[in-house]
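Novice: Before I ask anything, let me first share the structure, which is written out below as structure tokens.
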Number of protein chains: 4
Amino acid sequence: MSASTKKRIKLGMVGGGQGAFIGAVHRIAARIDDEYELVAGALSSDAERSKASGAELGLDPARCYGSFEEMAKAEAARPDGIEAVSIVTPNHMHFPAAKAFLEAGIHVICDKPLTSNLADAEALEKVVAASGKLFILTHNYSAYPMIRQARDMIANGDLGNLRLVQMEYVQDWLTEDLESSGQKQASWRTDPTKSGLGGCIGDIGTHAFQLGCFVSGLTPESVLADLTSFVEGRKVDDNVSVLVRFAEGAKGMLWASQVAPGNENALTLRVYGDKAGFEWQQEHPNHLWYTPLGQPKQLLTRAGAGASEIAARLTRTPGGHPEGYLEGFANIYLEAAAAIREASGGPAIDPASTVPGIKDGLSGMRFIDACIRSSNADGVWTGL
Amino acid sequence: MSASTKKRIKLGMVGGGQGAFIGAVHRIAARIDDEYELVAGALSSDAERSKASGAELGLDPARCYGSFEEMAKAEAARPDGIEAVSIVTPNHMHFPAAKAFLEAGIHVICDKPLTSNLADAEALEKVVAASGKLFILTHNYSAYPMIRQARDMIANGDLGNLRLVQMEYVQDWLTEDLESSGQKQASWRTDPTKSGLGGCIGDIGTHAFQLGCFVSGLTPESVLADLTSFVEGRKVDDNVSVLVRFAEGAKGMLWASQVAPGNENALTLRVYGDKAGFEWQQEHPNHLWYTPLGQPKQLLTRAGAGASEIAARLTRTPGGHPEGYLEGFANIYLEAAAAIREASGGPAIDPASTVPGIKDGLSGMRFIDACIRSSNADGVWTGL
Amino acid sequence: MSASTKKRIKLGMVGGGQGAFIGAVHRIAARIDDEYELVAGALSSDAERSKASGAELGLDPARCYGSFEEMAKAEAARPDGIEAVSIVTPNHMHFPAAKAFLEAGIHVICDKPLTSNLADAEALEKVVAASGKLFILTHNYSAYPMIRQARDMIANGDLGNLRLVQMEYVQDWLTEDLESSGQKQASWRTDPTKSGLGGCIGDIGTHAFQLGCFVSGLTPESVLADLTSFVEGRKVDDNVSVLVRFAEGAKGMLWASQVAPGNENALTLRVYGDKAGFEWQQEHPNHLWYTPLGQPKQLLTRAGAGASEIAARLTRTPGGHPEGYLEGFANIYLEAAAAIREASGGPAIDPASTVPGIKDGLSGMRFIDACIRSSNADGVWTGL
Amino acid sequence: MSASTKKRIKLGMVGGGQGAFIGAVHRIAARIDDEYELVAGALSSDAERSKASGAELGLDPARCYGSFEEMAKAEAARPDGIEAVSIVTPNHMHFPAAKAFLEAGIHVICDKPLTSNLADAEALEKVVAASGKLFILTHNYSAYPMIRQARDMIANGDLGNLRLVQMEYVQDWLTEDLESSGQKQASWRTDPTKSGLGGCIGDIGTHAFQLGCFVSGLTPESVLADLTSFVEGRKVDDNVSVLVRFAEGAKGMLWASQVAPGNENALTLRVYGDKAGFEWQQEHPNHLWYTPLGQPKQLLTRAGAGASEIAARLTRTPGGHPEGYLEGFANIYLEAAAAIREASGGPAIDPASTVPGIKDGLSGMRFIDACIRSSNADGVWTGL
């Protein structure tokens with residue numbers, strides 16, 4: 001008998017080798033709450049680089065694989081094999097990699113968007129269902145504590161009947177033709193063979209859309225979109241204007257752009273009902289502005305006055321000590337860990353837990369697909 | 001020879017009697033720079049109330065008229081008659097009143113929107129042309145100093161080629177069915193026989209649209225709109241979502257709402273080009289945020305560092321001493337005064353002067369009309 | 001019987017001629033609510049410039065005087081003479097000019113600080129008392145609507161027992177040796193023969209001090225000050241650090257500076273009691289932040305949700321339409337007009353009226369005097 | 001030869017067991033960059049709770065000690081013993097624990113303030129020197145990227161000659177008599193036998209002071225302080241007002257409070273020179289406001305435009321993805337790791353590294369001591 005109650009989840013990673021960005025974010029997110037131990041990786045499609053990247057991370061060289069297929073097979077066969085894998089490749093690899101691990105009986109934590117096209121997404125849904133394994137999509141913004149509180153307050157009726165959902169995600173890093181410079185992030189994100197048909201809409205538009213749907217709890221019904229590539233020669237959209245209608249009667253607008261100088265990661269959500277309104281900005285994520293109709297605007301702060309239990313669940317420091325992007329990302333990993341433990345016979349997860357998964361991913365892919373079709377038809381309402 | 005070089009412009013007013021709101025604003029705006037003297041009025045369509053309102057303002061009872069028709073005729077006949085008239089009635093009266101004074105040879109300063117329908121607006125254009133008199137539309141927001149500076153910097157190419165114009169004007173005062181309570185402002189503004197077919201779109205949507213066009217200098221070409229009346233029983237729209245295309249290739253979105261709790265007069269303009277971006281908020285009008293691509297965001301302040309001559313022309317106090325709505329409104333009256341003096345043989349106006357007029361008004365009416373048609377057709381691109 | 005109920009107060013002005021700054025502010029403030037008519041002036045100590053300045057303002061040349069002594073005598077003798085005079089000269093002229101008009105039976109509206117030294121201030125107090133006339137000091141910041149609301153809420157106990165009053169007024173315009181350039185405002189404000197012994201402390205420190213005392217309602221008891229002239233050769237202080245103790249047990253800090261780059265007119269007041277706290281910034285005067293202990297921070301806005309009757313009294317436009325410095329200044333003139341009318345047999349002023357006067361002025365002079373003495377003694381607690 | 005280049009530093013912890021706050025922060029900070037492995041602890045002075053706390057963290061029960069003395073001895077004797085220890089106890093335990101580990105040849109990472117009194121601090125300085133081991137004080141705020149950039153820009157002369165350093169750290173959590181409720185944090189922090197003579201001044205005043213000195217690079221020379229206990233019965237100060245003079249001629253003010261409702265962890269630093277000014281707020285740590293005299297205010301953002309190499313060293317995510325308190329804390333651990341590796345024969349640390357240590361700690365203790373003496377003498381300038 002061991003006195004220790006702590007057993008870290010054995011985690012693998014696909015992608016995220018040297019020169020990558022989001023892989024390092026996933027690793028930090030997995031470490032923050034000490035729920036995982038990274039033990040294996042297919043960190044690059046280049047076997048050499050995969051090994052070198054693994055060495056930097058202190059992985060056992062024997063568990064640094066040259067391909068995800070090899071890794072899925074080998075890890076499934078080990079008695080101490082990984083229990084879950086993080087997939088942090090460019091979009092077009094999400095589907096085959098996820099499929100391989102799910103079919104090998106390994107839970108999947110996958111970066112978004114779900115896949116690079118709707119057909120893959122629908123196929124993946126079936127794979128997930130057949131596997132009986134967990135599929136978790138890292139819609140990290142939906143795990144900020146004040147976003148969870150907003151969602152909960154809306155569900156409790158604090159905003160009344162919802163009327164308006166205004167979603168924005170605005171950047172400026174693609175204002176110029178960065179992809180021609182060979183910059184790695186710009187290159188694959190603007191290459192339809194890697195990112196999928198959508199550019200801005202897939203990369204950040206889906207984040208705004210998922211956040212709006214997640215917080216409001218509304219059912220998106222149809223969209224009318226105008227997608228643009230402002231930068232000459234760019235193969236995908238870099239600016240997205242969308243009108244959204246929800247089944248419940250609410251309406252919304254969504255603006256995503258990568259060509260608006262002065263914006264870094266300006267993800268903003270505003271939701272209005274007939275009793276109150278909310279405003280939230282990703283760049284100041286510890287603050288939620290709440291205005292009950294006819295009353296003064298209130299500043300609800302993470303771990304401060306006005307913060308609820310729902311927000312407290314996912315907070316590590318006192319109010320006024322800002323938590324940020326990595327902590328939000330870590331919340332996904334924290335709730336994923338509980339879900340993985342539950343799936344392995346551990347205690348039931350907290351009912352307040354809300355890990356985004358295959359449904360969010362499919363919804364996002366349908367959104368991308370419908371927006372592209374609507375825009376190609378010069379703006380017609382298109383069902384989701 | 002008189003030692004005094006000061007000769008105030010003799011001003012009349014139509015509308016703006018007891019219980020009105022915008023008339024008092026016009027009077028303060030006309031007083032701030034001491035360029036006008038209010039000497040006559042048809043302050044109410046009720047002759048009794050017109051006299052009483054005039055007495056409160058210290059007007060000569062003989063010049064407090066029971067109707068604008070009577071006033072136009074009588075003042076035109078006086079040797080000391082008014083040189084200009086301010087029209088501050090509900091929208092449906094703008095056209096007949098303006099016509100009467102222009103035809104009587106009196107300059108007109110008119111509140112917006114121009115008229116309550118497009119036919120009147122087009123007729124008024126002809127009346128203005130035939131009269132040879134000045135017609136000034138009080139698009140007050142376009143006279144804030146930092147708005148003028150933004151427009152000038154764009155004209156100078158500081159933003160490069162424009163790509164995006166994001167316009168918003170958001171309020172919350174009509175979240176509930178205020179018009180049923182008999183509140184005066186709500187009643188006429190939601191009554192199509194007085195405000196025209198458009199509600200929110202005419203009342204505030206046109207402000208956002210005019211501001212976007214004025215600052216960007218772009219030519220709006222077509223719109224695609226979704227207008228909604230969220231409040232049951234309301235006869236006009238209270239929320240407006242519009243996609244805009246400009247002839248020069250730029251695109252825009254416009255959101256106007258009167259049902260978004262937590263917003264007072266949140267008029268916001270964001271303009272982005274391939275070299276830089278701008279952000280401006282009416283509720284903090286002394287600040288203009290300017291980000292040249294790849295450089296830190298800069299805070300340009302009225303009368304402070306970064307403010308140009310164009311802004312200085314219309315400023316009365318040092319930087320950090322906020323000027324507001326009334327001073328912006330006064331700037332319209334100040335530039336109108338110079339134009340009126342020029343028209344009477346006075347010195348030529350400053351080339352930097354940019355008084356909004358009949359063209360802005362017509363553009364606004366075409367915008368309203370096109371949006372309503374687009375929305376009625378469930379969202380089709382409609383030319384302006 | 002005249003139908004007009006409007007009778008403007010006949011106003012004169014001392015100082016404020018060509019090239020001056022604050023005189024124009026007073027004139028706009030007096031015009032905004034149409035309660036005054038400027039009819040006479042000794043606008044400059046140079047008779048020629050006085051006439052020229054008067055002509056620009058449309059004054060009767062016969063009432064443009066070469067000195068305030070002449071003006072006080074002549075106007076007192078006219079049947080249509082001025083009822084009140086605005087004194088907007090450099091500080092050292094406040095006392096003799098105020099004395100002359102008060103003794104001539106004319107109400108005085110005077111810019112701050114009261115005088116250039118404490119002896120003059122104490123003498124003036126006696127003159128005011130003996131005259132039976134009104135003496136109004138334009139502590140304009142104390143007339144912002146949200147400042148009045150803050151004061152009223154404190155008086156009502158909303159903050160509980162007060163503990164802390166943090167006062168700041170920070171500028172940067174004297175960071176360099178501007179006075180050597182001949183700039184008019186810098187020259188007299190840094191010349192002890194014109195501004196008095198205090199520089200920054202008199203020019204802006206007194207504003208912060210008056211605001212803190214006015215809003216808190218506390219009785220300042222002693223100060224400990226450290227005054228500095230950072231710019232070489234400057235004859236007066238340009239930075240002021242003060243600790244303040246109030247008779248009721250509260251404490252405060254006051255920082256005033258004219259050498260802090262990045263600050264325009266950053267007048268900030270923070271007040272904390274055992275039940276709640278307030279924060280207010282002059283550069284965003286329509287907003288008052290209020291935090292009841294243990295509850296979310298609230299944004300109280302002028303004419304918006306949370307604004308009280310006290311604030312509404314002094315507001316002209318709806319919430320979200322910013323009022324600024326000139327409207328705050330106008331509020332002083334508006335309440336002064338009511339006091340002047342009351343003194344002439346008109347209706348009693350509103351009990352909510354709180355025009356600053358000789359007591360505020362004396363308090364400010366005692367503050368300056370005590371701070372200079374404390375600082376000269378290298379920082380000892382000095383009674384007020 | 002091992003393919004792995006990764007060797008985590010073996011870390012122990014004193015304090016930080018069940019119910020503690022700052023211990024968990026240290027553990028996350030140590031994990032974020034994967035440089036440490038926690039392997040031993042004396043997590044509580046209660047041996048039972050120490051074991052239980054260790055089990056929760058997955059520690060080997062054999063290395064969960066009942067006292068720090070036992071732990072220092074045992075770990076020093078193990079071939080795989082800890083290389084460094086984190087001390088996260090109440091203040092009065094810092095000295096004996098640090099002494100034990102240093103003398104056992106183990107590097108120390110210690111929470112602040114250094115000790116609970118000046119004598120201990122001076123003794124500790126000698127212990128550190130004699131030990132030849134590293135002593136790192138977790139002044140975490142000094143490790144925010146934009147703070148490092150501010151310091152570097154000042155050192156480079158971007159602000160010119162410094163004149164003013166304004167320091168604030170304001171909270172509200174002790175507005176009421178929380179310690180009487182038995183709340184753990186409030187209890188020891190207001191108990192002089194545990195926290196030392198200073199309350200607010202030691203707990204947060206030292207943070208503001210260290211930050212001001214660290215960023216400015218100035219030498220604090222003397223202080224004049226007024227310490228207050230506003231809450232009845234409280235044994236230590238809860239509000240601190242200090243005037244500071246620096247050897248180089250600059251001056252400063254420092255305000256720290258725990259009784260100001262509406263403030264969570266409002267640590268603010270403003271520094272002004274004769275060429276430019278800086279403003280920074282801990283609650284928005286990714287932003288640094290920089291105003292070169294006579295130019296517009298600029299927003300420098302972590303990893304965004306205007307951010308320097310110095311800031312980039314300590315950043316993990318793109319601009320606009322907020323990093324916060326835990327990442328700032330992690331930066332201390334990251335630089336400590338490099339220093340520990342260097343001390344063990346690893347590569348030389350980056351010259352840009354600036355780990356706070358015994359000197360910062362002593363300076364803080366002298367500041368506390370001088371402030372208390374100054375305040376007890378009713379405010380006299382007291383040398384540091």
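As shown in the structure tokens, the chain order sets the letters A, B, ...; within each chain, residues go from 1, and ligands are also counted from 1 in the order they appear.
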Determine, for each residue of stretch 183-284 of chain C having at least one atom at most 12 Å from an atom of stretch 114-122 of chain C, the closest pair of atoms and their separation in Å to one decimal, counting only C-alpha atoms; order by chain and ascending number, as a tab-separated table.
Specialist:
```
residue	atom	partner	partner_atom	distance
C:Trp188	CA	C:Ser116	CA	11.9
C:Arg189	CA	C:Ser116	CA	11.0
C:Asp191	CA	C:Ser116	CA	10.9
C:Pro192	CA	C:Ser116	CA	8.4
C:Thr193	CA	C:Ser116	CA	8.2
C:Lys194	CA	C:Ser116	CA	7.2
C:Ser195	CA	C:Ser116	CA	5.8
C:Gly196	CA	C:Ser116	CA	4.1
C:Leu197	CA	C:Ser116	CA	7.1
C:Gly198	CA	C:Ser116	CA	8.3
C:Gly199	CA	C:Ser116	CA	10.3
C:Ile201	CA	C:Ser116	CA	11.8
C:Gly202	CA	C:Ser116	CA	8.6
C:Asp203	CA	C:Ser116	CA	10.6
C:Thr206	CA	C:Leu114	CA	10.0
C:His207	CA	C:Leu114	CA	11.4
C:Gln210	CA	C:Leu114	CA	11.9
```
Novice: Just C-alpha atoms for this one: save the residues we selected as an mmCIF file, in the first residue's frame.
Specialist:
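That gives us again_38.cif:
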```
data_model
loop_
_atom_site.group_PDB
_atom_site.id
_atom_site.type_symbol
_atom_site.label_atom_id
_atom_site.label_comp_id
_atom_site.auth_asym_id
_atom_site.auth_seq_id
_atom_site.Cartn_x
_atom_site.Cartn_y
_atom_site.Cartn_z
ATOM 1 C CA TRP C 188 3.144 84.037 -14.339
ATOM 2 C CA ARG C 189 2.353 80.716 -12.730
ATOM 3 C CA ASP C 191 6.626 83.799 -10.745
ATOM 4 C CA PRO C 192 6.174 84.132 -6.962
ATOM 5 C CA THR C 193 5.335 87.819 -7.304
ATOM 6 C CA LYS C 194 2.267 86.870 -9.345
ATOM 7 C CA SER C 195 1.248 83.410 -8.251
ATOM 8 C CA GLY C 196 2.313 83.640 -4.628
ATOM 9 C CA LEU C 197 4.858 81.553 -2.743
ATOM 10 C CA GLY C 198 3.387 78.294 -3.892
ATOM 11 C CA GLY C 199 3.706 77.059 -7.444
ATOM 12 C CA ILE C 201 0.727 73.560 -4.654
ATOM 13 C CA GLY C 202 -1.283 76.692 -5.284
ATOM 14 C CA ASP C 203 -2.106 76.088 -8.905
ATOM 15 C CA THR C 206 -5.356 73.366 -3.821
ATOM 16 C CA HIS C 207 -7.801 71.909 -6.308
ATOM 17 C CA GLN C 210 -10.467 71.326 -1.880
#
```
Novice: Once you count only C-alpha atoms, which residues of chain B turn out to be within 6 Å of chain C? Could you give them as a list of chain:residue names?
Specialist: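 Listed by rising number, the hits are B:Ala3, B:Ser4, B:Thr5, B:Lys6, B:Ile28, B:Ile32, B:Ala55, B:Glu56, B:Gly58, B:Glu264, B:Asn265, B:Glu283, B:Gly319, B:Gly320, B:His321, B:Pro322, B:Glu323, B:Gly324, B:Tyr325.
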Novice: Mind dumping the selected residues with N, CA and C atoms as a PDB file, in the first residue's frame?
Specialist:
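Produced file result_10.pdb, reproduced below:
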```pdb
ATOM      1  N   ALA B   3     -16.767 100.341 -32.584  1.00  0.00           N
ATOM      2  CA  ALA B   3     -15.563  99.683 -32.056  1.00  0.00           C
ATOM      3  C   ALA B   3     -15.789  98.174 -31.966  1.00  0.00           C
ATOM      4  N   SER B   4     -17.064  97.805 -31.937  1.00  0.00           N
ATOM      5  CA  SER B   4     -17.355  96.370 -31.785  1.00  0.00           C
ATOM      6  C   SER B   4     -17.262  95.654 -33.114  1.00  0.00           C
ATOM      7  N   THR B   5     -16.539  94.566 -33.111  1.00  0.00           N
ATOM      8  CA  THR B   5     -16.457  93.758 -34.322  1.00  0.00           C
ATOM      9  C   THR B   5     -17.436  92.591 -34.230  1.00  0.00           C
ATOM     10  N   LYS B   6     -18.159  92.512 -33.121  1.00  0.00           N
ATOM     11  CA  LYS B   6     -19.000  91.333 -32.852  1.00  0.00           C
ATOM     12  C   LYS B   6     -20.422  91.563 -33.330  1.00  0.00           C
ATOM     13  N   ILE B  28     -27.908  75.504 -26.351  1.00  0.00           N
ATOM     14  CA  ILE B  28     -26.609  75.596 -25.673  1.00  0.00           C
ATOM     15  C   ILE B  28     -25.492  75.607 -26.710  1.00  0.00           C
ATOM     16  N   ILE B  32     -22.498  78.506 -26.932  1.00  0.00           N
ATOM     17  CA  ILE B  32     -21.171  78.276 -26.375  1.00  0.00           C
ATOM     18  C   ILE B  32     -20.117  79.201 -26.963  1.00  0.00           C
ATOM     19  N   ALA B  55     -41.316  82.682 -23.689  1.00  0.00           N
ATOM     20  CA  ALA B  55     -41.165  83.572 -22.528  1.00  0.00           C
ATOM     21  C   ALA B  55     -40.074  83.049 -21.612  1.00  0.00           C
ATOM     22  N   GLU B  56     -40.056  81.756 -21.418  1.00  0.00           N
ATOM     23  CA  GLU B  56     -38.998  81.173 -20.573  1.00  0.00           C
ATOM     24  C   GLU B  56     -37.618  81.472 -21.111  1.00  0.00           C
ATOM     25  N   GLY B  58     -36.889  84.148 -22.804  1.00  0.00           N
ATOM     26  CA  GLY B  58     -36.661  85.591 -22.916  1.00  0.00           C
ATOM     27  C   GLY B  58     -36.901  86.122 -24.315  1.00  0.00           C
ATOM     28  N   GLU B 264     -25.185  53.027 -22.854  1.00  0.00           N
ATOM     29  CA  GLU B 264     -25.895  54.299 -22.822  1.00  0.00           C
ATOM     30  C   GLU B 264     -25.894  54.921 -24.221  1.00  0.00           C
ATOM     31  N   ASN B 265     -24.760  55.457 -24.628  1.00  0.00           N
ATOM     32  CA  ASN B 265     -24.666  55.971 -25.995  1.00  0.00           C
ATOM     33  C   ASN B 265     -23.328  55.516 -26.564  1.00  0.00           C
ATOM     34  N   GLU B 283     -18.184  57.939 -25.958  1.00  0.00           N
ATOM     35  CA  GLU B 283     -18.272  58.194 -24.520  1.00  0.00           C
ATOM     36  C   GLU B 283     -16.931  58.658 -23.948  1.00  0.00           C
ATOM     37  N   GLY B 319      -5.565  69.943 -23.021  1.00  0.00           N
ATOM     38  CA  GLY B 319      -5.674  68.488 -22.963  1.00  0.00           C
ATOM     39  C   GLY B 319      -5.929  68.015 -21.549  1.00  0.00           C
ATOM     40  N   GLY B 320      -6.722  66.996 -21.401  1.00  0.00           N
ATOM     41  CA  GLY B 320      -7.022  66.460 -20.081  1.00  0.00           C
ATOM     42  C   GLY B 320      -8.187  67.149 -19.406  1.00  0.00           C
ATOM     43  N   HIS B 321      -8.662  68.229 -20.001  1.00  0.00           N
ATOM     44  CA  HIS B 321      -9.896  68.857 -19.523  1.00  0.00           C
ATOM     45  C   HIS B 321     -10.964  68.456 -20.520  1.00  0.00           C
ATOM     46  N   PRO B 322     -11.731  67.447 -20.174  1.00  0.00           N
ATOM     47  CA  PRO B 322     -12.597  66.847 -21.177  1.00  0.00           C
ATOM     48  C   PRO B 322     -13.612  67.808 -21.774  1.00  0.00           C
ATOM     49  N   GLU B 323     -13.701  67.776 -23.106  1.00  0.00           N
ATOM     50  CA  GLU B 323     -14.843  68.389 -23.773  1.00  0.00           C
ATOM     51  C   GLU B 323     -15.779  67.255 -24.152  1.00  0.00           C
ATOM     52  N   GLY B 324     -17.059  67.568 -24.338  1.00  0.00           N
ATOM     53  CA  GLY B 324     -17.999  66.482 -24.528  1.00  0.00           C
ATOM     54  C   GLY B 324     -18.995  66.736 -25.638  1.00  0.00           C
ATOM     55  N   TYR B 325     -20.168  66.187 -25.421  1.00  0.00           N
ATOM     56  CA  TYR B 325     -21.242  66.178 -26.412  1.00  0.00           C
ATOM     57  C   TYR B 325     -21.662  67.591 -26.808  1.00  0.00           C
TER      58      TYR B 325
END
```
Novice: Give me the residues near C:Leu124 as a list in words, where near means some atom within 8 Å (using only C-alpha atoms) and where sequence neighbours in that chain fewer than 4 positions away do not count.
Specialist: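 Result of the neighbour search: Phe95, Ala98, Lys99, Asp120 and Val128 of chain C.
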Novice: Restricted to C-alpha atoms, what would the selected residues look like written as a short mmCIF file (atom, residue, chain, number, x, y, z; two decimals), in the first residue's frame?
Specialist:
```
data_model
loop_
_atom_site.label_atom_id
_atom_site.label_comp_id
_atom_site.auth_asym_id
_atom_site.auth_seq_id
_atom_site.Cartn_x
_atom_site.Cartn_y
_atom_site.Cartn_z
CA PHE C 95 -7.44 90.48 -3.45
CA ALA C 98 -12.27 91.57 -5.16
CA LYS C 99 -12.02 94.20 -2.43
CA ASP C 120 -4.51 88.89 1.94
CA VAL C 128 -16.52 89.88 2.35
#
```
Novice: Find the residue from C:Leu102, C:Ile204, C:Ala40, C:Ile87 that sits nearest to C:Gly66; use only C-alpha atoms when measuring.
Specialist: C:Ala40
Novice: Please compute the atom CA of C:Met365-atom CA of C:Arg148 distance, one decimal, in Å.
Specialist: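 Between these atoms lies a distance of 22.9 Å.
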Novice: If we count only C-alpha atoms, what is near stretch 228-243 of chain B at a cut-off of 9 Å, once residues fewer than 5 positions away on the same chain are taken out, given as a PyMOL selection string?
Specialist: (chain A and resi 163+226+241-243+250-253+274) or (chain B and resi 170+174-177+179+189-192+196-201+205+222-223+251-260+371+375+381)
Novice: Output C-alpha atoms of each residue in that selection to a file, as a PDB file, in the first residue's frame.
Specialist:
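Once written, again01.pdb looks like this:
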```
ATOM      1  CA  ARG A 163     -31.824  38.599 -27.738  1.00  0.00           C
ATOM      2  CA  ASP A 226     -19.114  37.564 -46.219  1.00  0.00           C
ATOM      3  CA  SER A 241     -18.362  39.057 -41.302  1.00  0.00           C
ATOM      4  CA  VAL A 242     -21.249  36.846 -40.274  1.00  0.00           C
ATOM      5  CA  LEU A 243     -24.859  37.343 -39.284  1.00  0.00           C
ATOM      6  CA  ALA A 250     -31.949  35.582 -30.695  1.00  0.00           C
ATOM      7  CA  LYS A 251     -29.644  37.089 -33.285  1.00  0.00           C
ATOM      8  CA  GLY A 252     -25.951  37.706 -33.457  1.00  0.00           C
ATOM      9  CA  MET A 253     -23.090  39.165 -35.396  1.00  0.00           C
ATOM     10  CA  ASP A 274     -34.264  41.435 -21.781  1.00  0.00           C
TER      11      ASP A 274
ATOM     12  CA  VAL B 170     -25.604  50.827 -28.936  1.00  0.00           C
ATOM     13  CA  LEU B 174     -35.767  50.811 -25.268  1.00  0.00           C
ATOM     14  CA  THR B 175     -35.083  47.370 -23.820  1.00  0.00           C
ATOM     15  CA  GLU B 176     -38.573  47.432 -22.451  1.00  0.00           C
ATOM     16  CA  ASP B 177     -41.795  48.764 -23.925  1.00  0.00           C
ATOM     17  CA  GLU B 179     -43.451  53.834 -25.489  1.00  0.00           C
ATOM     18  CA  ARG B 189     -39.291  57.862 -31.875  1.00  0.00           C
ATOM     19  CA  THR B 190     -41.157  54.543 -32.144  1.00  0.00           C
ATOM     20  CA  ASP B 191     -44.118  55.968 -34.065  1.00  0.00           C
ATOM     21  CA  PRO B 192     -43.616  55.484 -37.817  1.00  0.00           C
ATOM     22  CA  GLY B 196     -40.436  57.473 -40.432  1.00  0.00           C
ATOM     23  CA  LEU B 197     -40.264  53.803 -41.324  1.00  0.00           C
ATOM     24  CA  GLY B 198     -37.009  53.250 -39.536  1.00  0.00           C
ATOM     25  CA  GLY B 199     -36.732  53.227 -35.759  1.00  0.00           C
ATOM     26  CA  CYS B 200     -33.326  52.422 -34.381  1.00  0.00           C
ATOM     27  CA  ILE B 201     -31.837  52.593 -37.860  1.00  0.00           C
ATOM     28  CA  GLY B 205     -27.986  53.813 -37.126  1.00  0.00           C
ATOM     29  CA  SER B 222     -24.408  48.455 -51.030  1.00  0.00           C
ATOM     30  CA  VAL B 223     -25.836  47.086 -47.810  1.00  0.00           C
ATOM     31  CA  LYS B 251     -16.001  46.395 -46.171  1.00  0.00           C
ATOM     32  CA  GLY B 252     -17.802  47.183 -42.991  1.00  0.00           C
ATOM     33  CA  MET B 253     -20.242  46.044 -40.371  1.00  0.00           C
ATOM     34  CA  LEU B 254     -22.734  48.229 -38.585  1.00  0.00           C
ATOM     35  CA  TRP B 255     -24.568  47.329 -35.430  1.00  0.00           C
ATOM     36  CA  ALA B 256     -27.120  49.643 -33.889  1.00  0.00           C
ATOM     37  CA  SER B 257     -29.296  48.641 -30.999  1.00  0.00           C
ATOM     38  CA  GLN B 258     -31.575  50.162 -28.426  1.00  0.00           C
ATOM     39  CA  VAL B 259     -32.085  46.947 -26.490  1.00  0.00           C
ATOM     40  CA  ALA B 260     -28.606  46.087 -25.181  1.00  0.00           C
ATOM     41  CA  CYS B 371     -31.586  48.665 -45.216  1.00  0.00           C
ATOM     42  CA  SER B 375     -34.196  43.347 -44.515  1.00  0.00           C
ATOM     43  CA  TRP B 381     -27.322  43.094 -51.098  1.00  0.00           C
TER      44      TRP B 381
END
```
Novice: Leaving out A:Phe68 and any residue of its chain fewer than 5 positions from it, which residues lie within 10 Å of it when counting only C-alpha atoms, given as a ChimeraX atom specification?
Specialist: /A:13-15,41-45,73-74,87,93,96-98,100-101
Novice: For D:Leu299, list every protein, DNA or RNA residue within 10 Å, evaluated using only C-alpha atoms, and leave out those in the same chain fewer than 4 positions away; present the list as a list in words.
Specialist: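 With the cut-off at 10 Å, the set is Thr291, Gln295, Pro296, Lys297, Gln298 and Leu299 of chain B; Glu279, Asn286, His287, Leu288, Trp289, Tyr290, Thr291, Gly304, Ala305, Gly306 and Ala307 of chain D.
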Novice: How would you write, as a VMD selection string, the set of residues in stretch 60-306 of chain C that DSSP gives as strand (DSSP E or B)?
Specialist: chain C and resid 64 84 to 87 107 to 110 135 to 137 162 to 170 220 to 228 239 to 246 251 to 257 266 to 273 276 to 281 287 to 292 297 to 301
Novice: Using only C-alpha atoms, find the one residue out of C:Asn331, C:Gln166, C:Ser308, C:Gln281 that sits nearest to C:Asp152.
Specialist: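 Distance minimum relative to C:Asp152 lands on C:Ser308.
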